[in-house]
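K.L.:
If you scroll down you'll find the structure; I have some questions about it.
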Amino acid sequence: MNKFWTILGHTYVSKLKSKAFMISTAITLVFVIAAANIDVIIKLFQDEDDKIVLIEGDTEVANMLEMSVQQMDERIVFKESESEELSKKMVQEDEAAAFLVIDVNDPNILTATYYENKASESNVQSMIHQQLQQLKVAIATEQAGVDEATLMDINEPISFEKVALDEATKTDEELNQARVIVYIMLFVLYMAVIIYGQMIATDVATEKSSRVMEILISSAPPVTHMFAKIFGVALLGLTQILLFFFVSFSFIKYKITTSVEVSETLDMIGISSAPISIYVYALLFFVLGYLLYATIAAMLGSLVSRVEDVQQLILPMTLLIMVAFFIAMFGLSVPDATFITVTSYIPFFTPMIMFLRIGMLEIATWEIILSIGILVGTTILFAVIGARIYRGGVLMYGPSRSLKDLKNAFQLSKKEKN
Amino acid sequence: MLKIDNITKRFGEHIAVDNLSLQIPEKELFGFLGGNGAGKTTTFRMILSLLDPTEGRILWNDEKISYNKSHLIGYLPEERGLYPKLKVKEQLIYLAKLRGMPANESIKSLERWLERFEISHYIDKKVEELSKGNQQKIQFISAVLHEPKLLILDEPFSGLDPINVEMLKKAVIDLKNDGTSIVFSSHRMDHVEELCEHICILREGKAVVQGNLQEIKQSFGKKNIIIHSEDELQFLQEVEGVLDYKATMQGCVLQIEEERIAKNVFQALQEEVFVRKFEIEEPTLNDIFIAKVGEKYE
């Protein structure tokens with residue numbers, strides 16, 4: 001056990017002190033801080049200029065349109081066009097945002113032509129389109145003799161209430177909360193497996209290629225070595241993630257006290273009011289998922305002799321976690337699909353998909369226990385196989401970059417009957 | 001006493017070590033000889049329990065070597081390996097710690113060793129900045145720092161200049177005199193001849209010669225005669241019992257079947273030429289090796 005802590009400590013400290021770690025942490029922190037202050041940054045780059053829309057045609061309609069558009073966005077300013085030619089030229093030279101021609105041929109038919117430099121859908125365009133449509137309805141109903149009260153009655157939205165008879169289902173609010181937490185968890189697990197899995201595999205391959213491995217495994221059992229490495233890197237990841245959380249949390253705290261909008265948004269996405277159990281599950285599945293993938297990564301890392309070959313060999317693992325991620329993304333919208341239920345029992349996908357189901361649906365306890373059982377069992381199986389492959393793999397040199405080496409490594413460490 | 005008991009190691013069809021039995025006495029230097037692929041490293045790995053023998057067993061003081069004994073064992077692998085990015089000091093402390101020596105003890109010990117090898121000024125340098133020879137000294141220190149009782153050195157002198165070889169040889173002899181049992185391998189006959197009392201020559205996993213070096217030489221029978229003379233000596237090839245004739249700058253070296261043949265050679269010489277030197281010599285390990293293995297190693 002002593003050696004375990006020695007290796008763990010060494011892995012943790014040497015990684016923590018490495019330049020690569022410090023730089024990547026610093027860069028990520030800059031991103032975290034930037035994301036926390038995104039509103040400030042957006043404001044910084046937003047052009048505050050008024051958008052000028054040149055207008056031609058029916059003055060009465062134009063005035064009404066101006067009034068309603070200005071209510072929506074006061075930066076849109078209407079100006080009367082002097083001539084069609086001149087207006088088009090102004091738009092082309094970016095002196096005006098757009099040029100609008102309104103025709104009222106018949107009292108009930110209102111046509112508009114919208115000139116813009118590029119015919120792409122813009123906010124201004126869609127807003128004007130919308131407002132014109134409403135204007136037309138107003139004009140038409142007025143002409144048809146419908147008074148305003150009747151019009152309001154017509155436009156009044158109906159009351160539509162959803163009542164779930166199965167009391168076990170989650171409310172919309174709960175679903176939204178769960179969705180956000182599941183989303184965060186999926187993303188963090190995905191990143192953790194990709195980044196730290198890679199780190200473990202590279203670390204093992206580095207020790208192997210620098211040939212220090214033979215001394216290491218003659219001092220401490222390969223299994224101890226492998227798990228000390230996995231937990232050392234996990235501790236490093238924890239340090240990093242906690243650092244990010246602490247920084248972003250303190251920024252969010254600061255935002256809550258200074259801005260009402262932020263605290264409202266947070267209430268809405270449910271971070272502050274979700275049940276504790278979902279966080280416990282998140283942590284549980286995160287730890288189990290990390291362990292499974294880290295074991296695979298260490299096993300694969302022990303098979304290569306050169307650090308350059310690591311990428312190639314851990315590709316299957318990377319693909320696996322990517323597949324899990326995409327299934328989970330799909331599952332966010334249809335958590336009760338059979339496909340999702342089935343995949344939630346496949347150990348490689350369980351950490352993401354079973355967690356998703358727990359968050360989004362009401363799952364029977366036995367289902368959770370069963371999936372965790374399969375996951376833990378698979379992890380133990382991989383740990384046992386991995387330890388043996390690790391033992392053989394670290395002694396095996398040569399141009400090993402195929403999964404065929406798994407077999408060779410396995411045989412090399414085979415315990416023969418005495 | 002390290003007892004290797006009928007061990008065989010197979011890798012699939014290939015037999016790396018074939019029914020090898022050895023007794024390596026306590027507090028002694030034991031030499032393993034053999035070319036590449038003879039099974040030296042595989043044997044060492046089995047002694048260290050890195051590999052399990054297909055058949056047979058290895059006992060050290062009547063116990064199997066396992067990880068709870070790793071603090072008693074030092075190992076210098078053939079493939080040198082250290083962390084290139086770690087400083088000499090950190091590296092040695094870490095490796096000693098893995099062998100059960102606490103940092104405060106290993107610091108004193110490593111300072112002594114660095115001084116002895118005249119590389120004290122590299123203590124805070126990264127290993128990758130050191131020359132190959134100095135890296136090897138660090139590697140050697142990592143094997144002995146925790147004061148092992150059993151030291152396994154796989155080709156300890158390869159790649160070193162003569163001064164450093166002497167320095168390391170001296171260290172190995174001192175360790176032996178302090179009571180460490182040392183097993184080492186080499187393909188340099190002269191090193192083994194100089195250092196070891198007991199040897200084993202491996203060929204394709206089999207021990208072709210093993211035992212006390214002096215006894216091996218005596219029982220080998222064949223001897224060499226060194227003759228210095230300015231005259232033509234070719235005719236000596238015809239003397240019965242002369243196995244090999246090699247011309248040298250000063251005369252020739254003869255290999256003879258056994259010591260009494262020397263008498264015949266001496267008589268033959270007396271009649272024909274003037275001789276400045278006539279000396280009967282014990283066979284070198286190289287001679288034995290060539291005779292037993294049938295090919296030359298250098």
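Simple scheme: letters A, B, ... for chains in structure tokens order, numbers from 1 for residues in each chain, numbers from 1 for ligands in the order shown.
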Extract, using only C-alpha atoms, all DNA, RNA and protein residues at most 10 Å from segment 177-180 of chain B, discarding same-chain residues fewer than 5 positions from it, and format them as a ChimeraX atom specification.
P.N.:
/B:26-29,72-73,144,147-151,171-172
K.L.:
Within 12 Å of Gly100 of chain B, counting only C-alpha atoms, which residues qualify if same-chain residues fewer than 6 places away don't, as a ChimeraX atom specification?
P.N.:
/A:1-4,6,219-220 /B:67-74,93-94,106,145-148
K.L.:
I'd like the contact shell of Ser248 of chain A - 7 Å cut-off, only C-alpha atoms, skipping same-chain residues fewer than 6 positions apart - returned as a ChimeraX atom specification.
P.N.:
/A:32-33,36
K.L.:
Write the residues you've just listed into a file as a tab-separated table (two decimals), in the first residue's frame, and include C-alpha atoms for each of them.
P.N.:
chain	number	residue	atom	x	y	z
A	32	VAL	CA	-13.85	29.84	-17.96
A	33	ILE	CA	-13.45	33.45	-16.92
A	36	ALA	CA	-18.54	33.71	-17.02
K.L.:
Compile the contact shell of Leu65 of chain A as a list of chain:residue names: residues with an atom at most 9 Å away, counting only C-alpha atoms, same-chain residues fewer than 3 positions apart removed.
P.N.:
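My reading of the contact set: A:Glu60, A:Val61, A:Ala62, A:Ser68, A:Val69, A:Gln70, A:Ile128, A:Gln131, A:Leu132, A:Leu135.
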K.L.:
Store the residues picked out above in a file with N, CA and C atoms, as a PDB file, in the first residue's frame.
P.N.:
ATOM      1  N   GLU A  60     -49.034  56.410 -44.260  1.00  0.00           N
ATOM      2  CA  GLU A  60     -49.774  56.003 -43.058  1.00  0.00           C
ATOM      3  C   GLU A  60     -49.282  54.649 -42.529  1.00  0.00           C
ATOM      4  N   VAL A  61     -49.175  53.696 -43.468  1.00  0.00           N
ATOM      5  CA  VAL A  61     -48.682  52.375 -43.090  1.00  0.00           C
ATOM      6  C   VAL A  61     -47.243  52.483 -42.574  1.00  0.00           C
ATOM      7  N   ALA A  62     -46.448  53.289 -43.264  1.00  0.00           N
ATOM      8  CA  ALA A  62     -45.054  53.451 -42.863  1.00  0.00           C
ATOM      9  C   ALA A  62     -44.944  53.983 -41.442  1.00  0.00           C
ATOM     10  N   SER A  68     -44.553  50.459 -34.383  1.00  0.00           N
ATOM     11  CA  SER A  68     -44.505  49.111 -33.796  1.00  0.00           C
ATOM     12  C   SER A  68     -43.083  48.537 -33.786  1.00  0.00           C
ATOM     13  N   VAL A  69     -42.295  48.823 -34.829  1.00  0.00           N
ATOM     14  CA  VAL A  69     -40.926  48.301 -34.865  1.00  0.00           C
ATOM     15  C   VAL A  69     -40.081  48.947 -33.770  1.00  0.00           C
ATOM     16  N   GLN A  70     -40.283  50.237 -33.578  1.00  0.00           N
ATOM     17  CA  GLN A  70     -39.497  50.934 -32.557  1.00  0.00           C
ATOM     18  C   GLN A  70     -39.761  50.412 -31.151  1.00  0.00           C
ATOM     19  N   ILE A 128     -39.475  43.225 -39.389  1.00  0.00           N
ATOM     20  CA  ILE A 128     -40.327  44.073 -40.226  1.00  0.00           C
ATOM     21  C   ILE A 128     -41.423  43.242 -40.892  1.00  0.00           C
ATOM     22  N   GLN A 131     -44.068  42.476 -38.279  1.00  0.00           N
ATOM     23  CA  GLN A 131     -44.855  43.652 -37.913  1.00  0.00           C
ATOM     24  C   GLN A 131     -45.812  44.052 -39.024  1.00  0.00           C
ATOM     25  N   LEU A 132     -45.345  43.909 -40.261  1.00  0.00           N
ATOM     26  CA  LEU A 132     -46.216  44.216 -41.397  1.00  0.00           C
ATOM     27  C   LEU A 132     -47.421  43.286 -41.437  1.00  0.00           C
ATOM     28  N   LEU A 135     -49.799  44.342 -38.911  1.00  0.00           N
ATOM     29  CA  LEU A 135     -50.404  45.598 -39.362  1.00  0.00           C
ATOM     30  C   LEU A 135     -51.536  45.330 -40.339  1.00  0.00           C
TER      31      LEU A 135
END
K.L.:
Which parts of segment 86-195 of chain B does DSSP call helix (DSSP H, G or I) when run on the backbone here, written out as a PyMOL selection string?
P.N.:
chain B and resi 88-98+103-116+120-122+127-129+132-144+162-177+189-195
K.L.:
Need to verify the contact set: segment 196-207 of chain B, 7 Å, only C-alpha atoms, exclusion of same-chain residues closer than 5 positions in sequence. Can you return it as a ChimeraX atom specification?
P.N.:
/B:16-20,29-34,37-39,212-213,293
K.L.:
Do a neighbour search on Ile227 of chain B at 7 Å with only C-alpha atoms, toss out local chain neighbours closer than 2 positions, and write the hits as number ranges by chain.
P.N.:
B: 225, 229, 251-253, 277-279
K.L.:
Find, counting only C-alpha atoms, the residue in A:Val212, A:Ile372, A:Ala282, A:Met64 that gets nearest to chain B.
P.N.:
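Ranking A:Val212, A:Ile372, A:Ala282, A:Met64 by distance to chain B, first place goes to A:Val212.
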K.L.:
Just to confirm, what's the straight-line distance from atom CA of Thr54 of chain B to atom CA of Gly392 of chain A in Å (one decimal)?
P.N.:
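Computing the Euclidean distance for atom CA of Thr54 of chain B and atom CA of Gly392 of chain A yields 14.5 Å.
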K.L.:
For Leu48 of chain B, work out the shell of residues within 7 Å, counting only C-alpha atoms and skipping chain neighbours fewer than 4 positions away, then give it as number ranges by chain.
P.N.:
A: 218; B: 44, 65
K.L.:
Mind pulling up the distance from atom CA of Thr11 of chain A to atom CA of Lys125 of chain B?
P.N.:
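Atom CA of Thr11 of chain A lies 19.8 Å from atom CA of Lys125 of chain B.
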K.L.:
For the atom pair atom CA of Val342 of chain A and atom CA of Ser371 of chain A, what is the interatomic distance in Å to one decimal place?
P.N.:
10.5 Å
K.L.:
Among segment 60-254 of chain B, which ones does DSSP assign to strand (DSSP E or B) (computed from the backbone)? Answer as a PyMOL selection string.
P.N.:
chain B and resi 60+63-64+73-76+87+126+150-154+181-186+198-203+206-212+223-228+242-247+251-254
K.L.:
Taking into account only C-alpha atoms, which residue in the set B:Thr42, B:Gln210, B:Ser219, B:Gln270 is nearest to chain A?
P.N.:
B:Thr42
K.L.:
So which one's closest to Phe31 of chain A, A:Ile139, A:Val247, A:Met317, A:Ala205? Using only C-alpha atoms, please.
P.N.:
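Counting only C-alpha atoms, the residue closest to Phe31 of chain A is A:Val247.
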K.L.:
Between segment 44-163 of chain A and segment 170-179 of chain A, at 12 Å or less, what are the per-residue closest atom pairs and their distances in Å? Count only C-alpha atoms, order by chain and rising residue number, and return it as a Markdown table.
P.N.:
| residue | atom | partner | partner_atom | distance |
| --- | --- | --- | --- | --- |
| A:Glu161 | CA | A:Asp172 | CA | 11.8 |
| A:Lys162 | CA | A:Thr171 | CA | 9.6 |
| A:Val163 | CA | A:Thr171 | CA | 9.2 |
